[in-house]
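The file data00.txt comes next; it holds compact mmCIF, C-alpha atoms and all ligand atoms.
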```txt
# COMPACT_ATOMS: atom_id res chain seq x y z
CA MET A 1 30.87 16.56 -41.71
CA LYS A 2 31.72 14.85 -44.93
CA ASN A 3 32.45 11.13 -44.84
CA LYS A 4 36.07 11.44 -45.91
CA TYR A 5 36.80 13.79 -42.98
CA ARG A 6 35.03 11.40 -40.60
CA TRP A 7 37.33 8.58 -41.70
CA LEU A 8 40.33 10.89 -41.35
CA MET A 9 39.27 11.70 -37.78
CA VAL A 10 38.74 8.06 -36.92
CA ILE A 11 42.18 7.21 -38.29
CA CYS A 12 43.72 10.03 -36.29
CA ILE A 13 41.83 9.23 -33.07
CA ILE A 14 42.56 5.47 -33.02
CA PRO A 15 46.25 5.82 -32.08
CA PHE A 16 45.31 8.27 -29.32
CA LEU A 17 42.65 5.92 -27.98
CA TRP A 18 45.17 3.07 -28.03
CA LEU A 19 47.81 5.20 -26.39
CA GLY A 20 45.24 6.46 -23.91
CA GLY A 21 44.31 2.88 -23.17
CA CYS A 22 47.95 2.05 -22.57
CA VAL A 23 48.33 5.00 -20.29
CA THR A 24 45.20 4.08 -18.37
CA GLU A 25 46.38 0.48 -18.11
CA SER A 26 49.85 1.42 -17.03
CA GLN A 27 48.42 3.93 -14.58
CA THR A 28 46.20 1.19 -13.17
CA GLU A 29 49.16 -1.17 -12.98
CA GLY A 30 51.09 1.58 -11.29
CA LYS A 31 48.29 2.16 -8.86
CA GLU A 32 48.08 -1.53 -8.06
CA LYS A 33 51.81 -1.63 -7.62
CA GLN A 34 51.62 1.43 -5.45
CA VAL A 35 48.95 -0.20 -3.30
CA LYS A 36 51.09 -3.30 -3.00
CA VAL A 37 54.17 -1.26 -2.18
CA SER A 38 52.38 0.72 0.46
CA ALA A 39 50.93 -2.48 1.91
CA GLU A 40 54.45 -3.90 2.02
CA GLU A 41 55.68 -0.67 3.50
CA SER A 42 52.97 -0.79 6.10
CA ASN A 43 53.80 -4.42 6.85
CA SER A 44 57.45 -3.64 7.14
CA GLN A 45 56.57 -0.61 9.24
CA SER A 46 54.57 -2.69 11.69
CA GLU A 47 57.26 -5.37 11.61
CA GLN A 48 59.73 -2.60 12.26
CA ASN A 49 57.72 -1.56 15.29
CA GLU A 50 58.02 -5.10 16.62
CA ASP A 51 61.60 -5.37 15.48
CA THR A 52 62.71 -2.24 17.26
CA ALA A 53 63.77 -4.29 20.26
CA LYS A 54 64.42 -7.52 18.37
CA ASN A 55 67.89 -8.77 17.63
CA ASN A 56 69.64 -10.16 14.59
CA ASN A 57 68.13 -13.60 15.11
CA GLY A 58 64.68 -12.00 14.82
CA THR A 59 63.56 -12.69 18.35
CA PHE A 60 63.07 -10.51 21.40
CA GLY A 61 65.59 -12.60 23.31
CA ALA A 62 69.20 -11.89 23.88
CA GLU A 63 71.92 -11.77 21.25
CA GLY A 64 74.22 -14.61 20.22
CA ASN A 65 73.62 -17.82 22.13
CA ALA A 66 71.50 -16.18 24.76
CA ASP A 67 67.86 -17.23 25.07
CA ILE A 68 66.53 -14.78 27.62
CA LYS A 69 67.22 -11.09 28.03
CA VAL A 70 66.35 -9.43 31.32
CA THR A 71 66.33 -5.65 31.72
CA LEU A 72 65.99 -4.10 35.14
CA LEU A 73 63.75 -1.10 34.53
CA GLY A 74 63.41 -0.13 38.16
CA THR A 75 65.57 -1.35 41.03
CA GLY A 76 64.22 0.98 43.71
CA SER A 77 61.63 0.88 46.44
CA PRO A 78 59.01 3.32 47.73
CA VAL A 79 61.93 5.57 48.75
CA LEU A 80 62.07 8.41 46.21
CA SER A 81 65.09 8.23 43.96
CA MET A 82 66.04 9.59 40.55
CA ASP A 83 68.51 6.75 40.12
CA ARG A 84 66.34 3.86 41.19
CA PHE A 85 62.80 3.92 39.83
CA GLY A 86 60.01 1.67 41.17
CA SER A 87 60.00 -2.10 40.69
CA ALA A 88 59.75 -3.23 37.09
CA THR A 89 61.61 -5.97 35.23
CA LEU A 90 61.38 -6.72 31.52
CA VAL A 91 61.89 -10.32 30.37
CA GLU A 92 62.30 -11.01 26.65
CA ALA A 93 62.46 -14.63 25.50
CA GLY A 94 61.89 -15.86 21.94
CA ASP A 95 58.85 -14.00 20.66
CA GLU A 96 57.60 -13.06 24.10
CA ARG A 97 58.03 -9.72 25.81
CA LEU A 98 56.80 -9.82 29.40
CA LEU A 99 56.80 -7.12 32.05
CA PHE A 100 56.96 -7.97 35.74
CA ASP A 101 55.61 -5.21 37.98
CA VAL A 102 55.06 -1.65 36.89
CA GLY A 103 56.42 0.69 39.53
CA ARG A 104 57.17 4.39 39.41
CA GLY A 105 58.60 5.49 36.06
CA ALA A 106 58.34 2.13 34.25
CA ALA A 107 57.07 3.75 31.02
CA LEU A 108 59.99 6.20 31.06
CA ARG A 109 62.56 3.44 31.51
CA LEU A 110 60.95 1.46 28.68
CA ASP A 111 61.21 4.52 26.47
CA GLN A 112 64.91 4.74 27.33
CA ILE A 113 65.43 1.31 25.75
CA ASP A 114 63.26 2.35 22.79
CA ILE A 115 60.20 0.35 23.75
CA ALA A 116 56.99 2.35 23.49
CA PRO A 117 54.28 1.73 26.11
CA GLY A 118 52.09 0.36 23.31
CA MET A 119 54.62 -2.40 22.70
CA ILE A 120 53.83 -3.89 26.12
CA ASP A 121 50.62 -5.86 26.45
CA LYS A 122 51.49 -8.52 29.06
CA LEU A 123 52.04 -7.58 32.68
CA PHE A 124 52.61 -9.87 35.66
CA VAL A 125 52.12 -8.30 39.08
CA THR A 126 53.88 -9.77 42.13
CA HIS A 127 51.74 -8.02 44.76
CA LEU A 128 49.72 -4.89 45.26
CA HIS A 129 52.10 -2.56 47.10
CA HIS A 130 52.06 0.74 45.25
CA ASP A 131 55.78 0.73 44.44
CA HIS A 132 55.06 -2.26 42.17
CA THR A 133 51.85 -0.97 40.58
CA VAL A 134 51.73 2.82 40.54
CA GLY A 135 52.97 2.96 36.92
CA PHE A 136 50.01 0.92 35.67
CA ALA A 137 47.78 3.85 34.64
CA ASP A 138 50.71 5.48 32.83
CA LEU A 139 51.56 2.32 30.89
CA LEU A 140 47.91 1.61 30.10
CA ILE A 141 46.96 5.05 28.81
CA THR A 142 50.21 6.32 27.31
CA ALA A 143 50.03 3.30 24.99
CA ALA A 144 47.17 5.14 23.24
CA VAL A 145 49.19 8.25 22.48
CA PRO A 146 50.18 7.93 18.81
CA ASP A 147 53.72 6.57 18.65
CA PRO A 148 55.52 5.52 15.44
CA ARG A 149 57.08 2.61 17.34
CA GLY A 150 53.67 1.06 17.91
CA ASN A 151 50.43 1.32 19.84
CA ARG A 152 48.65 -1.40 21.75
CA GLU A 153 45.85 -2.82 19.60
CA GLY A 154 44.25 -5.45 21.83
CA ASP A 155 43.55 -5.61 25.54
CA PHE A 156 46.28 -5.06 28.11
CA LYS A 157 46.60 -8.51 29.69
CA VAL A 158 47.40 -8.55 33.37
CA TRP A 159 48.19 -11.48 35.65
CA GLY A 160 48.48 -11.06 39.39
CA PRO A 161 47.35 -12.24 42.82
CA LYS A 162 43.83 -11.89 44.20
CA GLY A 163 42.98 -8.19 44.30
CA THR A 164 44.61 -7.40 40.95
CA GLU A 165 41.24 -7.20 39.19
CA ASN A 166 40.05 -4.58 41.66
CA MET A 167 43.26 -2.58 41.26
CA VAL A 168 43.03 -2.66 37.46
CA ASN A 169 39.30 -1.93 37.25
CA SER A 170 39.51 0.86 39.83
CA THR A 171 42.34 2.47 37.88
CA ILE A 172 40.37 2.29 34.65
CA GLN A 173 37.38 3.77 36.46
CA ALA A 174 39.51 6.56 37.92
CA PHE A 175 40.65 7.52 34.41
CA GLU A 176 37.32 6.80 32.73
CA VAL A 177 36.76 10.33 31.40
CA ASP A 178 40.20 10.36 29.78
CA ILE A 179 39.88 6.82 28.42
CA GLN A 180 36.42 7.35 26.93
CA THR A 181 37.46 10.65 25.35
CA ARG A 182 40.52 9.10 23.76
CA LYS A 183 38.43 6.25 22.40
CA LYS A 184 35.81 8.60 20.92
CA VAL A 185 37.98 11.42 19.66
CA GLU A 186 41.17 9.62 18.73
CA GLY A 187 39.86 6.11 18.07
CA ALA A 188 42.34 4.93 20.67
CA THR A 189 42.79 1.20 21.24
CA GLY A 190 44.46 -0.91 23.90
CA LEU A 191 42.73 0.87 26.77
CA ASP A 192 40.81 -2.13 28.07
CA ALA A 193 42.37 -4.74 30.31
CA GLU A 194 41.91 -8.46 30.67
CA VAL A 195 42.81 -9.61 34.17
CA ASN A 196 43.74 -13.09 35.30
CA GLU A 197 43.95 -13.49 39.07
CA VAL A 198 46.32 -16.38 39.60
CA GLU A 199 47.53 -18.74 42.29
CA GLU A 200 50.64 -20.87 42.55
CA GLY A 201 51.34 -22.89 39.40
CA VAL A 202 51.84 -22.39 35.67
CA VAL A 203 49.99 -19.19 34.79
CA TYR A 204 51.14 -18.57 31.22
CA GLU A 205 52.48 -20.63 28.33
CA SER A 206 53.17 -19.32 24.83
CA ASN A 207 55.86 -19.68 22.14
CA GLY A 208 57.84 -22.03 24.38
CA VAL A 209 57.86 -19.57 27.28
CA GLU A 210 56.41 -20.74 30.58
CA VAL A 211 55.65 -18.51 33.55
CA ILE A 212 55.17 -20.13 36.94
CA ALA A 213 53.80 -18.18 39.90
CA PHE A 214 54.71 -19.18 43.44
CA ASN A 215 53.80 -17.90 46.89
CA VAL A 216 56.29 -15.86 48.87
CA ASP A 217 56.16 -14.45 52.39
CA HIS A 218 55.62 -10.69 52.42
CA GLY A 219 54.03 -10.45 55.86
CA LEU A 220 50.54 -9.04 55.91
CA MET A 221 50.64 -8.40 52.16
CA LYS A 222 48.91 -11.59 51.06
CA PRO A 223 48.93 -13.10 48.59
CA ALA A 224 52.36 -12.13 47.30
CA LEU A 225 53.91 -13.93 44.37
CA GLY A 226 57.30 -14.60 42.84
CA TYR A 227 57.65 -15.74 39.22
CA ARG A 228 59.85 -18.23 37.45
CA ILE A 229 60.17 -17.83 33.67
CA ASN A 230 61.41 -20.87 31.73
CA TYR A 231 62.50 -20.83 28.10
CA ASN A 232 64.64 -23.24 26.11
CA GLU A 233 66.08 -24.94 29.20
CA HIS A 234 67.02 -21.62 30.74
CA SER A 235 65.29 -19.61 33.41
CA VAL A 236 65.07 -16.45 35.44
CA VAL A 237 63.36 -16.13 38.80
CA ILE A 238 61.93 -12.90 40.19
CA SER A 239 61.62 -13.16 43.96
CA GLY A 240 58.99 -10.46 44.32
CA ASP A 241 58.89 -8.88 47.77
CA THR A 242 59.52 -11.50 50.43
CA THR A 243 61.44 -12.41 53.50
CA TYR A 244 63.34 -15.69 53.66
CA THR A 245 60.99 -18.49 52.62
CA GLU A 246 61.55 -22.12 51.68
CA ASN A 247 59.04 -21.76 48.86
CA LEU A 248 61.26 -19.26 47.02
CA ILE A 249 64.15 -21.70 47.32
CA LYS A 250 61.96 -24.55 46.03
CA TYR A 251 60.86 -22.67 42.90
CA ALA A 252 64.15 -20.90 42.23
CA LYS A 253 66.39 -23.96 42.66
CA GLY A 254 69.04 -24.22 39.94
CA THR A 255 67.87 -21.15 38.04
CA ASP A 256 70.32 -19.26 35.83
CA LEU A 257 69.44 -15.87 37.24
CA LEU A 258 67.78 -14.90 40.52
CA ILE A 259 66.49 -11.34 40.72
CA GLN A 260 66.31 -10.92 44.49
CA GLU A 261 64.76 -8.16 46.58
CA VAL A 262 66.75 -6.73 49.48
CA VAL A 263 66.22 -4.26 52.30
CA VAL A 264 68.70 -2.72 54.71
CA VAL A 265 67.24 -0.74 57.59
CA LYS A 266 70.41 -0.81 59.72
CA GLY A 267 73.94 -2.16 59.92
CA PRO A 268 74.41 -5.60 61.53
CA GLU A 269 75.55 -4.13 64.86
CA GLU A 270 73.26 -1.10 64.86
CA GLU A 271 69.99 -0.63 66.74
CA TYR A 272 66.66 -0.25 64.93
CA GLN A 273 65.85 3.44 64.63
CA SER A 274 62.12 2.79 64.90
CA GLU A 275 59.51 0.09 65.24
CA ALA A 276 58.56 0.78 61.60
CA HIS A 277 62.09 -0.10 60.43
CA LYS A 278 61.96 -3.33 62.42
CA ASN A 279 58.60 -4.24 60.88
CA ILE A 280 59.77 -3.39 57.37
CA GLU A 281 62.79 -5.64 57.76
CA ALA A 282 60.58 -8.49 59.00
CA TYR A 283 58.78 -8.87 55.67
CA HIS A 284 61.75 -8.24 53.41
CA THR A 285 65.10 -9.97 52.86
CA THR A 286 68.30 -8.83 54.56
CA PRO A 287 71.63 -9.36 52.75
CA GLU A 288 72.44 -12.21 55.16
CA GLN A 289 69.09 -13.93 54.51
CA ALA A 290 69.65 -13.48 50.77
CA GLY A 291 73.05 -15.16 51.16
CA GLU A 292 71.31 -18.17 52.74
CA ILE A 293 68.76 -18.25 49.90
CA PHE A 294 71.52 -18.08 47.27
CA ASN A 295 73.39 -20.95 48.95
CA GLU A 296 70.32 -23.16 48.58
CA VAL A 297 69.25 -21.96 45.11
CA ASN A 298 72.76 -21.90 43.64
CA PRO A 299 71.98 -19.51 40.76
CA LYS A 300 74.61 -18.80 38.12
CA LEU A 301 74.09 -15.14 38.97
CA ALA A 302 72.17 -13.34 41.69
CA VAL A 303 71.19 -9.72 41.11
CA TYR A 304 69.68 -7.47 43.73
CA THR A 305 66.67 -5.33 42.96
CA HIS A 306 64.19 -3.45 45.18
CA ILE A 307 67.25 -1.94 46.83
CA ALA A 308 65.76 -0.22 49.84
CA THR A 309 68.18 1.44 52.19
CA PHE A 310 67.27 4.08 54.71
CA LEU A 311 70.80 5.42 55.08
CA PRO A 312 72.72 6.05 51.82
CA GLU A 313 75.94 4.51 53.19
CA HIS A 314 74.21 1.18 53.67
CA GLU A 315 73.86 0.51 49.93
CA ALA A 316 77.58 -0.07 49.46
CA THR A 317 77.56 -2.72 52.20
CA ILE A 318 74.92 -5.01 50.70
CA VAL A 319 77.14 -7.19 48.50
CA ASP A 320 79.89 -7.44 51.15
CA ARG A 321 77.37 -8.51 53.79
CA THR A 322 76.04 -11.15 51.39
CA LYS A 323 79.50 -12.45 50.57
CA GLU A 324 80.10 -13.24 54.25
CA ILE A 325 77.46 -15.96 53.81
CA TYR A 326 77.66 -16.75 50.07
CA ASP A 327 80.68 -17.02 47.79
CA GLY A 328 78.85 -17.18 44.43
CA LYS A 329 78.40 -14.34 41.97
CA VAL A 330 76.16 -11.56 43.25
CA VAL A 331 75.80 -7.98 42.07
CA LEU A 332 73.81 -4.92 42.97
CA GLY A 333 71.36 -4.21 40.18
CA GLU A 334 71.08 -0.82 38.49
CA ASP A 335 68.26 0.68 36.46
CA LEU A 336 68.63 -0.36 32.79
CA MET A 337 71.12 -3.12 33.59
CA THR A 338 70.66 -5.90 31.02
CA ILE A 339 71.46 -9.53 31.74
CA GLU A 340 71.66 -12.15 29.00
CA ILE A 341 70.99 -15.78 29.77
CA GLY A 342 72.26 -18.54 27.49
CA ASP A 343 75.08 -21.00 27.98
CA GLU A 344 76.52 -18.20 30.04
CA VAL A 345 74.80 -15.61 32.17
CA LYS A 346 76.33 -12.25 31.62
CA ILE A 347 75.69 -8.61 32.26
CA ARG A 348 75.76 -6.67 29.03
CA ASP A 349 78.34 -3.89 28.98
ZN ZN A 401 55.99 -4.96 48.87
```

Would it be possible to restate this file's structure as C-alpha cells?
Ligand SMILES: [Zn+2]
Amino acid sequence: MKNKYRWLMVICIIPFLWLGGCVTESQTEGKEKQVKVSAEESNSQSEQNEDTAKNNNGTFGAEGNADIKVTLLGTGSPVLSMDRFGSATLVEAGDERLLFDVGRGAALRLDQIDIAPGMIDKLFVTHLHHDHTVGFADLLITAAVPDPRGNREGDFKVWGPKGTENMVNSTIQAFEVDIQTRKKVEGATGLDAEVNEVEEGVVYESNGVEVIAFNVDHGLMKPALGYRINYNEHSVVISGDTTYTENLIKYAKGTDLLIQEVVVVKGPEEEYQSEAHKNIEAYHTTPEQAGEIFNEVNPKLAVYTHIATFLPEHEATIVDRTKEIYDGKVVLGEDLMTIEIGDEVKIRD
C-alpha cells in the first residue's frame, strides 16, 4: 500500500477508534451502572422481604402509637378444628419478630398474613405438648422452599424448657434425608437450629425487646413456661399452658395484654364425663380461675387462647363465666386476631 493511502486510512480510522472508545467507555459505564442498579434492586428486594410485614414507621411493631403487635396464629388445642389451629402467637415489637409456640398449621397462618416461613428465625416454646410444637418441622423445612418473600439464611434459633434440644434435634434427625438433599441439591439454608434451653429469668434481649421466661403449673408437664415480652414500657404476657398459679400473677402483674389459656370440660353444675376430663381440667385454667388471675394481674385486656372445649356449646359460655368473677375487658381470641399495644390496647378491625 502506498504511503498516501496509509495516511488516508489512518485519518479515516481515527474517528472510528475514538467513537469506538466512547462506545466502549459508555458501555462500561452502563454496565457499572447496571451492576449498581441491580445491587440496589437486590437490596431493595431483600428490604422488601423484610418490609412485607413492616408498617409505615419502618418497624415490625404496630401502626400509629402502638409499640407491640400481637397476632394470634392459633387459638386451638389438641382438639381438631379448622377454625382454631394449634397454639402459636406472633409478637412483633420494633425490629423484632418473635414466634411463641408452633402448633398445628402455624406456617399456614403465617402465610395468611403474608409472612413466609423463612421470615421467622426466632421461636420460643412454652412446653413440649405436641399441640404447641407439632408445626416445628413444617416451619423449619418449608423455610428452605424458594419464596420471593424471603428464606431463612442463618440458624433457626429456638428457646424453650429442658427437653427442647431433644425435640429439635430428634425432628431434624427424623427429616435428615430431606434436609441433606435440600442442602446438596438446592443449596438450601436455614435448616440448622440453635437451641437454648432456658429457666426462669430474662432469656432474650435485643433491639430494646426483652423476653422473660417464668415457671407455670401444667401438672406433670414440667418444666412449663410462660413468657413476658417487654418493649418501650409496654408488655404482653403469654400464660402458656397452666392452671391457676401465683407465679403467673407475679410475672404478668400490670401487663397491657394477657394472652391466657382456658379449658372447659363441663358446665359449672355438670358432672365430669370421665376421669380424663377431670385430670385435663386440673392442669389447665377454668374461666373462673382465669377471672381470679385477671383480678390480680389487672391487664388492660385479657384475651383467651388455647380454647379447649369438649362440647361445642361450652365455648360461648367462657366469657360470661369469667365476667361473674372479673369485670375488666376480656375477649375470646380468634385465629388471626391482631391486637395492638401502645397507649391503648386495641383489637384491630
Ligand atoms: Zn399443654

(request) For Ala316 in chain A, list every protein, DNA or RNA residue within 12 Å, evaluated using all atoms listed in the file, and leave out those in the same chain fewer than 6 positions away; present the list as a VMD selection string. (result) chain A and resid 264 267 287 307 to 309 322 331 to 333

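Restricting the calculation to only C-alpha atoms, the smallest distance between Asp83 in chain A and any of A:Ile120, A:Glu334, A:Glu270, A:Gly163 is found for A:Glu334.
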
Counting only C-alpha atoms and all ligand atoms, which residues of chain A sit at most 9 Å from some atom of ligand ZN 401 (chain A), and what is each one's closest atom pair with its distance in Å to one decimal, listed by chain and rising residue number, as a tab-separated table?
```
residue	atom	partner	partner_atom	distance
A:Ser77	CA	A:ZN401	ZN	8.5
A:Pro78	CA	A:ZN401	ZN	8.9
A:Thr126	CA	A:ZN401	ZN	8.5
A:His127	CA	A:ZN401	ZN	6.7
A:Leu128	CA	A:ZN401	ZN	7.2
A:His129	CA	A:ZN401	ZN	4.9
A:His130	CA	A:ZN401	ZN	7.8
A:Asp131	CA	A:ZN401	ZN	7.2
A:His132	CA	A:ZN401	ZN	7.3
A:His218	CA	A:ZN401	ZN	6.8
A:Met221	CA	A:ZN401	ZN	7.2
A:Ala224	CA	A:ZN401	ZN	8.2
A:Gly240	CA	A:ZN401	ZN	7.7
A:Asp241	CA	A:ZN401	ZN	5.0
A:Thr242	CA	A:ZN401	ZN	7.6
A:Tyr283	CA	A:ZN401	ZN	8.3
A:His284	CA	A:ZN401	ZN	8.0
```

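Of note, CA of Gly76 in chain A and CA of Gly103 in chain A are spaced 8.9 Å apart.
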
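If you measure from each of A:Val265, A:Ile339, A:Lys253, A:Phe294 to Leu73 in chain A using only C-alpha atoms, the closest one turns out to be A:Ile339.
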
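For the residues A:Leu99, A:Met119, A:Gln273, A:Val216, ranking by smallest atom-to-atom distance to Asp147 in chain A using all atoms listed in the file places A:Met119 first.
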
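Using only C-alpha atoms, every residue with an atom at most 8 Å from the point (73.2, -18.9, 30.2) is listed here: Ala66, Asp67, His234, Asp256, Glu340, Ile341, Gly342, Asp343, Glu344, Val345 and Lys346 of chain A.
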
(request) Rank A:Val158, A:Val209, A:Val134, A:Val145 by their smallest atom-to-atom distance to Asp178 in chain A, using only C-alpha atoms, and report the top residue only. (result) A:Val145

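Distances from A:Glu281, A:Ala107, A:Ile141, A:Thr171 to Lys183 in chain A were compared using only C-alpha atoms, and the smallest one belongs to A:Ile141.
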
Extract, using all atoms listed in the file, all DNA, RNA and protein residues at most 12 Å from Asp320 in chain A, discarding same-chain residues fewer than 6 positions from it, and format them as a compact mmCIF listing (two decimals) with C-alpha atoms, in the frame of the given file.
```txt
# COMPACT_ATOMS: atom_id res chain seq x y z
CA GLY A 267 73.94 -2.16 59.92
CA PRO A 268 74.41 -5.60 61.53
CA PRO A 287 71.63 -9.36 52.75
CA GLU A 288 72.44 -12.21 55.16
CA ALA A 290 69.65 -13.48 50.77
CA GLY A 291 73.05 -15.16 51.16
CA HIS A 314 74.21 1.18 53.67
CA TYR A 326 77.66 -16.75 50.07
CA ASP A 327 80.68 -17.02 47.79
CA GLY A 328 78.85 -17.18 44.43
CA LYS A 329 78.40 -14.34 41.97
CA VAL A 330 76.16 -11.56 43.25
CA VAL A 331 75.80 -7.98 42.07
CA LEU A 332 73.81 -4.92 42.97
```

(request) Between CA of Lys266 in chain A and CA of Asp335 in chain A, measure the distance and give it in Å to one decimal. (result) 23.4 Å

(message) Measuring between only C-alpha atoms, which one of A:Pro146, A:Gly201, A:Gly208, A:Gly86 shows the shortest distance to Arg182 in chain A?
(response) A:Pro146

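Every protein, DNA or RNA residue with an atom at most 7 Å from Gly105 in chain A, where all atoms listed in the file count and chain neighbours fewer than 3 positions away do not, is listed here: Phe85, Gly86, Leu108, Arg109 and Gly135 of chain A.
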
(message) For Thr255 in chain A, find every residue with an atom within 7 Å (counting only C-alpha atoms), except residues of its own chain fewer than 4 positions away, and show them as a PyMOL selection string.
(response) chain A and resi 235-237+299

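The space between CA of Ala213 in chain A and CA of Glu200 in chain A spans 4.9 Å.
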